[in-house]
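K.L.:
My structure is in target_12.txt, and what it holds is compact mmCIF, C-alpha atoms:
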# COMPACT_ATOMS: atom_id res chain seq x y z
CA MET A 1 107.66 92.89 72.39
CA GLU A 2 109.61 90.01 70.83
CA SER A 3 108.08 86.57 71.30
CA GLU A 4 110.06 83.73 72.79
CA PRO A 5 109.53 79.96 72.97
CA LEU A 6 107.50 78.68 75.88
CA TYR A 7 110.42 76.81 77.45
CA ASN A 8 112.32 80.08 77.90
CA LEU A 9 109.67 81.46 80.21
CA LEU A 10 109.88 81.51 83.94
CA GLN A 11 108.30 78.40 85.37
CA LEU A 12 104.54 78.82 85.66
CA PRO A 13 102.84 78.60 89.08
CA LYS A 14 102.68 75.07 90.41
CA GLU A 15 98.90 75.17 90.50
CA VAL A 16 98.76 76.09 86.77
CA ASP A 17 100.13 73.73 84.12
CA PRO A 18 101.09 75.33 80.80
CA PRO A 19 98.86 74.12 77.98
CA THR A 20 100.16 71.61 75.48
CA GLU A 21 99.67 72.07 71.75
CA GLU A 22 96.88 69.49 71.91
CA GLU A 23 95.08 71.42 74.68
CA LEU A 24 95.39 74.81 72.96
CA PRO A 25 93.97 74.71 69.40
CA ARG A 26 95.61 76.61 66.52
CA GLY A 27 95.11 80.31 67.09
CA GLY A 28 94.05 79.76 70.68
CA LYS A 29 95.31 82.11 73.37
CA LYS A 30 95.71 81.93 77.16
CA LYS A 31 97.34 84.13 79.76
CA TYR A 32 98.81 83.57 83.22
CA LEU A 33 100.16 85.70 86.01
CA SER A 34 103.88 85.16 86.39
CA PRO A 35 104.99 83.48 89.64
CA SER A 36 107.05 86.53 90.61
CA SER A 37 103.98 88.76 90.32
CA ARG A 38 101.91 86.42 92.48
CA ARG A 39 104.56 86.66 95.18
CA ASP A 40 104.96 90.42 94.93
CA PRO A 41 104.19 92.01 98.34
CA LYS A 42 102.21 94.88 96.78
CA PHE A 43 100.10 92.40 94.78
CA GLU A 44 99.42 90.40 97.94
CA GLU A 45 98.61 93.60 99.85
CA LEU A 46 96.12 94.64 97.15
CA GLN A 47 94.25 91.35 97.52
CA LYS A 48 94.30 91.68 101.32
CA VAL A 49 92.90 95.23 101.27
CA LEU A 50 90.15 94.27 98.81
CA MET A 51 89.16 91.18 100.82
CA GLU A 52 88.99 93.15 104.07
CA TRP A 53 86.90 95.80 102.32
CA ILE A 54 84.45 93.22 100.93
CA ASN A 55 84.19 91.42 104.27
CA ALA A 56 83.58 94.67 106.16
CA THR A 57 80.95 95.73 103.61
CA LEU A 58 79.11 92.41 103.73
CA LEU A 59 79.55 91.79 107.45
CA PRO A 60 75.85 92.40 108.25
CA GLU A 61 74.99 89.65 105.75
CA HIS A 62 77.48 87.23 107.36
CA ILE A 63 79.36 86.75 104.10
CA VAL A 64 83.10 86.10 104.33
CA VAL A 65 85.54 86.02 101.40
CA ARG A 66 88.70 83.96 101.88
CA SER A 67 90.01 83.91 98.30
CA LEU A 68 89.34 86.40 95.52
CA GLU A 69 90.39 83.77 93.02
CA GLU A 70 88.01 81.05 94.24
CA ASP A 71 85.06 82.85 95.84
CA MET A 72 83.91 85.40 93.25
CA PHE A 73 83.29 83.37 90.10
CA ASP A 74 79.64 82.33 90.55
CA GLY A 75 78.25 85.83 91.11
CA LEU A 76 76.87 85.27 94.61
CA ILE A 77 79.29 87.60 96.41
CA LEU A 78 79.45 90.10 93.54
CA HIS A 79 75.64 90.23 93.62
CA HIS A 80 75.51 91.14 97.32
CA LEU A 81 78.50 93.48 97.08
CA PHE A 82 77.21 95.53 94.16
CA GLN A 83 73.70 95.78 95.59
CA LYS A 84 75.14 97.02 98.89
CA LEU A 85 77.48 99.53 97.24
CA ALA A 86 75.02 100.88 94.66
CA ALA A 87 71.97 100.71 96.97
CA LEU A 88 69.83 99.03 94.33
CA LYS A 89 68.07 95.74 93.79
CA LEU A 90 69.10 93.43 90.96
CA GLU A 91 66.46 91.09 89.55
CA VAL A 92 68.49 87.89 89.68
CA GLU A 93 68.06 84.63 91.51
CA GLU A 94 69.77 84.46 94.91
CA ILE A 95 71.34 81.02 94.44
CA SER A 96 72.47 79.80 91.03
CA LEU A 97 73.40 76.12 90.93
CA THR A 98 74.15 75.48 87.24
CA SER A 99 76.89 76.95 85.07
CA ALA A 100 74.32 78.43 82.70
CA SER A 101 72.40 80.19 85.48
CA GLN A 102 75.63 81.45 87.07
CA ARG A 103 76.73 82.94 83.73
CA ARG A 104 73.33 84.60 83.30
CA LYS A 105 73.55 86.03 86.79
CA LEU A 106 77.06 87.35 86.15
CA GLY A 107 75.80 88.94 82.95
CA VAL A 108 73.13 90.92 84.79
CA ILE A 109 75.57 91.98 87.55
CA LEU A 110 78.32 93.06 85.16
CA GLU A 111 75.89 94.95 82.92
CA ALA A 112 74.69 96.95 85.94
CA ALA A 113 78.25 97.43 87.21
CA ASN A 114 79.49 98.63 83.82
CA GLN A 115 76.65 101.15 83.65
CA SER A 116 77.48 102.43 87.12
CA LEU A 117 81.19 102.62 86.27
CA GLN A 118 80.41 104.18 82.87
CA VAL A 119 82.48 101.53 81.12
CA GLU A 120 81.58 100.06 77.75
CA GLU A 121 81.53 96.26 77.69
CA GLN A 122 84.18 96.19 74.95
CA GLN A 123 86.49 98.43 77.02
CA ALA A 124 86.07 96.59 80.32
CA LYS A 125 89.03 94.53 81.55
CA TRP A 126 86.60 91.89 82.81
CA SER A 127 83.82 89.83 81.28
CA VAL A 128 81.37 87.10 82.19
CA GLU A 129 83.75 84.43 80.89
CA THR A 130 86.88 85.73 82.62
CA ILE A 131 85.15 86.15 85.99
CA PHE A 132 83.41 82.77 85.68
CA ASN A 133 86.72 81.09 84.77
CA LYS A 134 88.34 82.47 87.96
CA ASP A 135 90.64 84.87 86.13
CA LEU A 136 92.22 86.61 89.12
CA LEU A 137 93.48 89.53 87.04
CA ALA A 138 90.01 90.29 85.64
CA THR A 139 88.46 89.94 89.10
CA LEU A 140 90.98 92.39 90.56
CA HIS A 141 90.42 94.92 87.77
CA LEU A 142 86.67 94.82 88.51
CA LEU A 143 87.05 95.11 92.28
CA VAL A 144 89.56 97.96 92.03
CA ALA A 145 87.15 99.84 89.75
CA LEU A 146 84.26 99.29 92.18
CA ALA A 147 86.39 100.40 95.13
CA LYS A 148 87.47 103.60 93.36
CA ARG A 149 83.85 104.34 92.41
CA PHE A 150 82.15 103.63 95.72
CA GLN A 151 84.90 104.04 98.34
CA PRO A 152 87.59 106.32 96.92
CA ASP A 153 89.29 106.67 100.31
CA LEU A 154 90.07 102.93 100.47
CA PRO A 155 93.87 102.74 100.93
CA LEU A 156 94.73 100.62 97.89
CA PRO A 157 98.48 100.16 97.41
CA ASP A 158 99.55 102.42 94.58
CA ASN A 159 101.30 101.51 91.35
CA VAL A 160 100.60 97.76 91.50
CA GLN A 161 101.91 96.17 88.31
CA VAL A 162 101.91 92.52 87.31
CA GLU A 163 103.73 90.57 84.64
CA VAL A 164 101.33 88.57 82.49
CA ILE A 165 102.42 85.65 80.33
CA HIS A 166 100.43 85.43 77.07
CA ILE A 167 100.57 82.07 75.27
CA GLU A 168 99.38 81.55 71.70
CA SER A 169 99.26 78.44 69.53
CA THR A 170 100.78 79.13 66.10
CA LYS A 171 101.78 77.08 63.09
CA THR A 172 105.26 76.66 64.54
CA GLY A 173 104.11 75.73 68.04
CA LEU A 174 103.39 77.60 71.25
CA LYS A 175 104.73 81.15 71.45
CA SER A 176 104.63 83.53 74.37
CA ASP A 177 104.91 87.19 75.27
CA LYS A 178 105.45 88.76 78.66
CA LEU A 179 103.50 91.98 79.14
CA VAL A 180 102.95 94.27 82.12
CA GLU A 181 99.45 95.21 83.28
CA GLN A 182 98.66 98.06 85.65
CA LEU A 183 96.17 97.31 88.45
CA THR A 184 96.42 100.57 90.40
CA GLY A 185 97.90 103.87 89.32
CA ARG A 186 100.41 106.19 90.92
CA ARG A 187 98.98 108.56 93.48
CA SER A 188 99.40 112.23 92.79
CA HIS A 189 100.28 114.46 95.72
CA LYS A 190 96.68 115.66 96.03
CA ASP A 191 95.45 112.04 96.23
CA GLN A 192 97.60 111.29 99.26
CA PRO A 193 95.55 111.25 102.47
CA SER A 194 96.25 114.37 104.49
CA GLN A 195 98.23 113.87 107.67
CA ASP A 196 96.78 114.78 111.03
CA ALA A 197 98.31 115.50 114.44
CA PHE A 198 98.83 111.81 115.18
CA ASP A 199 100.79 111.20 111.98
CA GLU A 200 103.08 114.06 113.00
CA LEU A 201 103.24 112.85 116.60
CA PHE A 202 104.33 109.31 115.71
CA LYS A 203 106.78 110.56 113.10
CA LEU A 204 108.34 113.61 114.74
CA ALA A 205 107.84 113.12 118.47
CA PRO A 206 107.53 109.40 119.27
CA GLU A 207 108.85 110.05 122.78
CA LYS A 208 105.59 111.92 123.54
CA VAL A 209 103.28 109.08 122.52
CA HIS A 210 103.33 107.54 125.99
CA ALA A 211 102.29 110.82 127.61
CA VAL A 212 99.40 111.20 125.19
CA LYS A 213 98.27 107.64 125.91
CA GLU A 214 98.31 108.32 129.64
CA ALA A 215 96.25 111.48 129.17
CA ILE A 216 93.62 109.68 127.12
CA VAL A 217 93.53 106.72 129.54
CA SER A 218 92.74 109.21 132.34
CA PHE A 219 89.93 110.72 130.28
CA VAL A 220 88.50 107.32 129.30
CA ASN A 221 88.60 105.92 132.85
CA GLU A 222 86.87 109.00 134.23
CA LYS A 223 84.00 108.46 131.78
CA LEU A 224 83.82 104.68 132.28
CA GLU A 225 83.95 104.83 136.07
CA ARG A 226 80.18 104.96 136.43
CA LEU A 227 79.97 101.72 134.42
CA GLY A 228 82.41 100.00 136.73
CA LEU A 229 84.99 99.65 133.96
CA SER A 230 88.60 100.73 133.64
CA VAL A 231 91.27 100.69 130.96
CA GLN A 232 94.97 100.03 131.43
CA SER A 233 96.11 99.48 127.83
CA LEU A 234 94.84 101.47 124.86
CA ASP A 235 96.75 99.18 122.51
CA THR A 236 94.80 96.04 123.40
CA GLN A 237 91.56 96.76 125.24
CA PHE A 238 89.81 98.54 122.37
CA ALA A 239 90.54 95.91 119.72
CA ASP A 240 87.26 94.02 120.17
CA GLY A 241 85.14 97.19 120.06
CA VAL A 242 83.19 96.46 123.27
CA ILE A 243 84.64 99.17 125.52
CA LEU A 244 84.68 101.56 122.57
CA LEU A 245 80.94 101.08 121.99
CA LEU A 246 80.16 101.45 125.68
CA LEU A 247 82.27 104.62 125.85
CA ILE A 248 80.52 106.13 122.81
CA GLY A 249 77.14 105.22 124.25
CA GLN A 250 78.05 106.81 127.58
CA LEU A 251 79.35 110.04 126.03
CA GLU A 252 76.87 110.47 123.20
CA GLY A 253 73.81 109.23 125.05
CA PHE A 254 73.24 106.18 122.87
CA PHE A 255 71.45 103.08 124.09
CA LEU A 256 72.87 100.08 122.29
CA HIS A 257 70.74 96.96 122.43
CA LEU A 258 72.72 93.80 123.06
CA LYS A 259 71.41 92.42 119.78
CA GLU A 260 73.28 95.13 117.89
CA PHE A 261 76.78 94.10 118.95
CA TYR A 262 78.76 91.24 120.48
CA LEU A 263 79.31 91.79 124.19
CA THR A 264 81.83 88.92 124.34
CA PRO A 265 83.21 88.62 120.79
CA SER A 266 84.93 85.32 120.16
CA SER A 267 86.29 85.82 116.64
CA PRO A 268 87.92 88.53 114.50
CA THR A 269 84.69 88.78 112.49
CA GLU A 270 82.66 89.62 115.60
CA MET A 271 85.32 92.12 116.72
CA LEU A 272 85.25 93.73 113.28
CA HIS A 273 81.46 94.02 113.51
CA ASN A 274 81.73 95.89 116.81
CA VAL A 275 84.45 98.28 115.64
CA THR A 276 82.68 98.96 112.33
CA LEU A 277 79.50 99.84 114.24
CA ALA A 278 81.47 102.16 116.54
CA LEU A 279 83.05 104.00 113.59
CA GLU A 280 79.67 104.39 111.92
CA LEU A 281 78.32 106.00 115.09
CA LEU A 282 81.29 108.38 115.23
CA LYS A 283 80.84 109.30 111.57
CA ASP A 284 77.13 109.95 112.12
CA GLU A 285 78.06 112.37 114.90
CA GLY A 286 80.65 114.10 112.72
CA LEU A 287 83.51 113.12 115.03
CA LEU A 288 85.87 111.47 112.54
CA SER A 289 87.89 114.10 110.71
CA HIS A 290 90.39 111.52 109.42
CA PRO A 291 89.51 108.14 107.83
CA VAL A 292 90.08 105.11 110.05
CA ASN A 293 89.95 101.49 108.90
CA PRO A 294 88.14 99.20 111.36
CA GLU A 295 90.69 96.46 110.62
CA ASP A 296 93.43 98.70 112.04
CA ILE A 297 91.62 98.92 115.39
CA VAL A 298 91.09 95.16 115.49
CA ASN A 299 94.77 94.70 114.66
CA LYS A 300 95.68 96.92 117.66
CA ASP A 301 97.15 99.78 115.66
CA ALA A 302 98.03 102.38 118.32
CA LYS A 303 97.78 105.41 116.04
CA SER A 304 94.29 104.53 114.78
CA THR A 305 93.06 103.76 118.31
CA LEU A 306 94.40 107.07 119.65
CA ARG A 307 92.88 108.92 116.71
CA ILE A 308 89.30 107.80 117.42
CA LEU A 309 89.62 108.22 121.19
CA TYR A 310 90.99 111.73 120.76
CA SER A 311 87.98 112.61 118.59
CA LEU A 312 85.81 111.86 121.65
CA PHE A 313 88.19 113.69 123.96
CA GLN A 314 88.09 116.79 121.78
CA LYS A 315 84.32 116.98 122.10
CA HIS A 316 83.76 115.84 125.68
CA GLY A 317 87.05 116.29 127.55
CA LEU A 318 87.93 119.76 126.32
CA ARG A 319 84.35 120.98 126.48
CA ALA A 320 83.97 119.83 130.07
CA GLU A 321 87.23 121.42 131.22
CA GLY A 322 87.04 124.65 129.24
CA ASN A 323 90.38 125.97 128.14
CA ARG A 324 92.46 124.18 130.77
CA ALA A 325 92.76 120.97 128.69
CA PRO A 326 94.19 118.99 131.63
CA TYR A 327 94.65 115.82 129.64
CA GLY A 328 96.93 117.32 127.05
CA THR A 329 96.69 117.22 123.26
CA PRO A 330 98.85 115.72 120.50
CA ASN A 331 100.37 119.17 120.02
Show this structure as structure tokens.
P.N.:
Amino acid sequence: MESEPLYNLLQLPKEVDPPTEEELPRGGKKKYLSPSSRRDPKFEELQKVLMEWINATLLPEHIVVRSLEEDMFDGLILHHLFQKLAALKLEVEEISLTSASQRRKLGVILEAANQSLQVEEQQAKWSVETIFNKDLLATLHLLVALAKRFQPDLPLPDNVQVEVIHIESTKTGLKSDKLVEQLTGRRSHKDQPSQDAFDELFKLAPEKVHAVKEAIVSFVNEKLERLGLSVQSLDTQFADGVILLLLIGQLEGFFLHLKEFYLTPSSPTEMLHNVTLALELLKDEGLLSHPVNPEDIVNKDAKSTLRILYSLFQKHGLRAEGNRAPYGTPN
């Protein structure tokens, strides 16, 4: 690609000043994400999905990521994340306070991650220096690779591309190239998550959604009656996970100690903890035939809420009533 003078480039992000010739020695190179790429909705969605995934994974350890660019560089979160995903123990110090110790820690983590990902260090799109220097692009490449390896059903936005501005100091001054890097690939048809009855219901027969909701509300209230509870709105009352956990406990015969969940959650993090626990219980019982993201339940997504409640109805409502199926089905 033909090089062009630095002043012809799109203006760099406000938080990043382009290097001067004095700051970038002869032969030196730097790269930046273009402002348009930073604002791209798919790029923002990728960061959101990865942050929610990390926060859900590390929820039991009370670790919360708010910025992939600012929170990953010292190795603390990467250490906990990789240990949790790979189910192994890394021999590194828990807290690293100096730059040297943080780089050493990153080196151990990335060596283990590269082995798990079967990536040679020279081929990896990340390194100790890029992660430590808060290179967002390198951090995203690493996290996407970890997600594909350990949670392949994570709904990463497909075909995320970013424009990267490469700057080099030459004899004649600063020169630049604009190149495109691929963060996620295109999904083939077989990689697309299969649709279930609720996808078809919301797409082809939205007028029937209300009837299905009423049927499931009847089923849920019948089961919760002995607890003195009732539900009027599926869209809102299951978002904090409390009624969902109590319903699962009632139907599946679980006793949930109050220390295991938040009876009166006061934050999205506590709600996410409850819903994640509920989904793990459903998975353990083999009741989830379609992947559900806990964040969707917390965010009051009607389709995801109906999907998990219907999994309980299929087992307990239909079994109790034989073939009469009085509550109806998505079909």
K.L.:
Can you pull out every residue within 10 Å of Ser67 (chain A), counting all atoms listed in the file, but drop anything in the same chain fewer than 5 positions away, and send it as number ranges by chain?
P.N.:
A: 47-48, 51, 72, 136
K.L.:
What lies within 9 Å of region 250-264 of chain A using only C-alpha atoms, ignoring chain neighbours under 2 positions off, as a PyMOL selection string?
P.N.:
chain A and resi 223-224+227+240-242+245-248+266+270-271+273-274+277+285+312+316
K.L.:
Using all atoms listed in the file, which residue out of A:Leu58, A:Val212, A:Leu306, A:Ala112 lies closest to Lys84 (chain A)?
P.N.:
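Closest residue, counting all atoms listed in the file: A:Leu58.
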K.L.:
Which residue is closest to Leu68 (chain A)? Choose from A:Val231, A:Leu137, A:Leu288, A:Val92 and count only C-alpha atoms.
P.N.:
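Checking each of A:Val231, A:Leu137, A:Leu288, A:Val92 against Leu68 (chain A), counting only C-alpha atoms, the winner is A:Leu137.
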K.L.:
CA of Leu140 (chain A) and CA of Glu120 (chain A), how far apart in Å?
P.N.:
17.6 Å
K.L.:
To one decimal place in Å, what is the distance between CA of Ile216 (chain A) and CA of Thr236 (chain A)?
P.N.:
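Between these atoms lies a distance of 14.2 Å.
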K.L.:
What's around Ser233 (chain A) at 9 Å? Count all atoms listed in the file, leave out sequence neighbours fewer than 5 positions away in its own chain, and write the answer as a list of chain:residue names.
P.N.:
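Using all atoms listed in the file, the neighbours found are A:Lys213, A:Val217, A:Phe238.
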K.L.:
Hey, can you check how far CA of Leu272 (chain A) sits from CA of Glu295 (chain A)?
P.N.:
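Distance between the two atoms: 6.6 Å.
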K.L.:
Could you tell me which of A:Leu85, A:Val108, A:Ala124, A:Leu309 comes closest to Phe219 (chain A) if we count all atoms listed in the file?
P.N.:
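The closest residue to Phe219 (chain A) is A:Leu309.
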K.L.:
Excluding same-chain residues fewer than 4 positions from Lys300 (chain A), what lies within 9 Å of it counting all atoms listed in the file, as a PDB file with C-alpha atoms, keeping the file's coordinate frame?
P.N.:
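The file below, selection19.pdb, is the result:
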ATOM      1  CA  LEU A 234      94.840 101.470 124.860  1.00  0.00           C
ATOM      2  CA  ASP A 235      96.750  99.180 122.510  1.00  0.00           C
ATOM      3  CA  THR A 236      94.800  96.040 123.400  1.00  0.00           C
ATOM      4  CA  GLN A 237      91.560  96.760 125.240  1.00  0.00           C
ATOM      5  CA  PHE A 238      89.810  98.540 122.370  1.00  0.00           C
ATOM      6  CA  ALA A 239      90.540  95.910 119.720  1.00  0.00           C
ATOM      7  CA  GLU A 295      90.690  96.460 110.620  1.00  0.00           C
ATOM      8  CA  ASP A 296      93.430  98.700 112.040  1.00  0.00           C
ATOM      9  CA  SER A 304      94.290 104.530 114.780  1.00  0.00           C
ATOM     10  CA  THR A 305      93.060 103.760 118.310  1.00  0.00           C
TER      11      THR A 305
END
K.L.:
With only C-alpha atoms as the basis for distance, which of A:Ser96, A:Thr57, A:Gln314, A:Ser34 is at the shortest distance from Phe73 (chain A)?
P.N.:
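For Phe73 (chain A), the nearest of the candidates is A:Ser96.
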K.L.:
Which is closest to Ala86 (chain A) among A:Gly28, A:Lys134, A:Leu146, A:Arg66, if we use all atoms listed in the file?
P.N.:
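Nearest candidate to Ala86 (chain A) out of A:Gly28, A:Lys134, A:Leu146, A:Arg66: A:Leu146.
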K.L.:
Which residue gives the smallest distance to Leu156 (chain A) among A:Thr184, A:Ser37, A:Thr172, A:Thr130, with only C-alpha atoms counted?
P.N.:
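Of all the options, A:Thr184 lies closest to Leu156 (chain A).
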K.L.:
Around all of region 121-140 of chain A's listed atoms, make the axis-aligned box with 3 Å on each side and tell me centre and edge lengths in Å to one decimal, as lines of an AutoDock Vina configuration file.
P.N.:
center_x = 87.4
center_y = 89.8
center_z = 82.8
size_x = 18.1
size_y = 23.3
size_z = 21.6
K.L.:
Within 8 Å of (100.8, 83.3, 74.1) (file coordinates; all atoms listed in the file), which protein or nucleic acid residues are there? I'd like them as a list of chain:residue names.
P.N.:
A:Lys29, A:Lys30, A:Lys31, A:Ile165, A:His166, A:Ile167, A:Glu168, A:Ser169, A:Leu174, A:Lys175, A:Ser176, A:Asp177
K.L.:
Could you pull the residues within 10 Å of Arg149 (chain A), counting only C-alpha atoms, minus those fewer than 3 positions along the same chain, as a PyMOL selection string?
P.N.:
chain A and resi 85-86+116-117+143-146+152-153
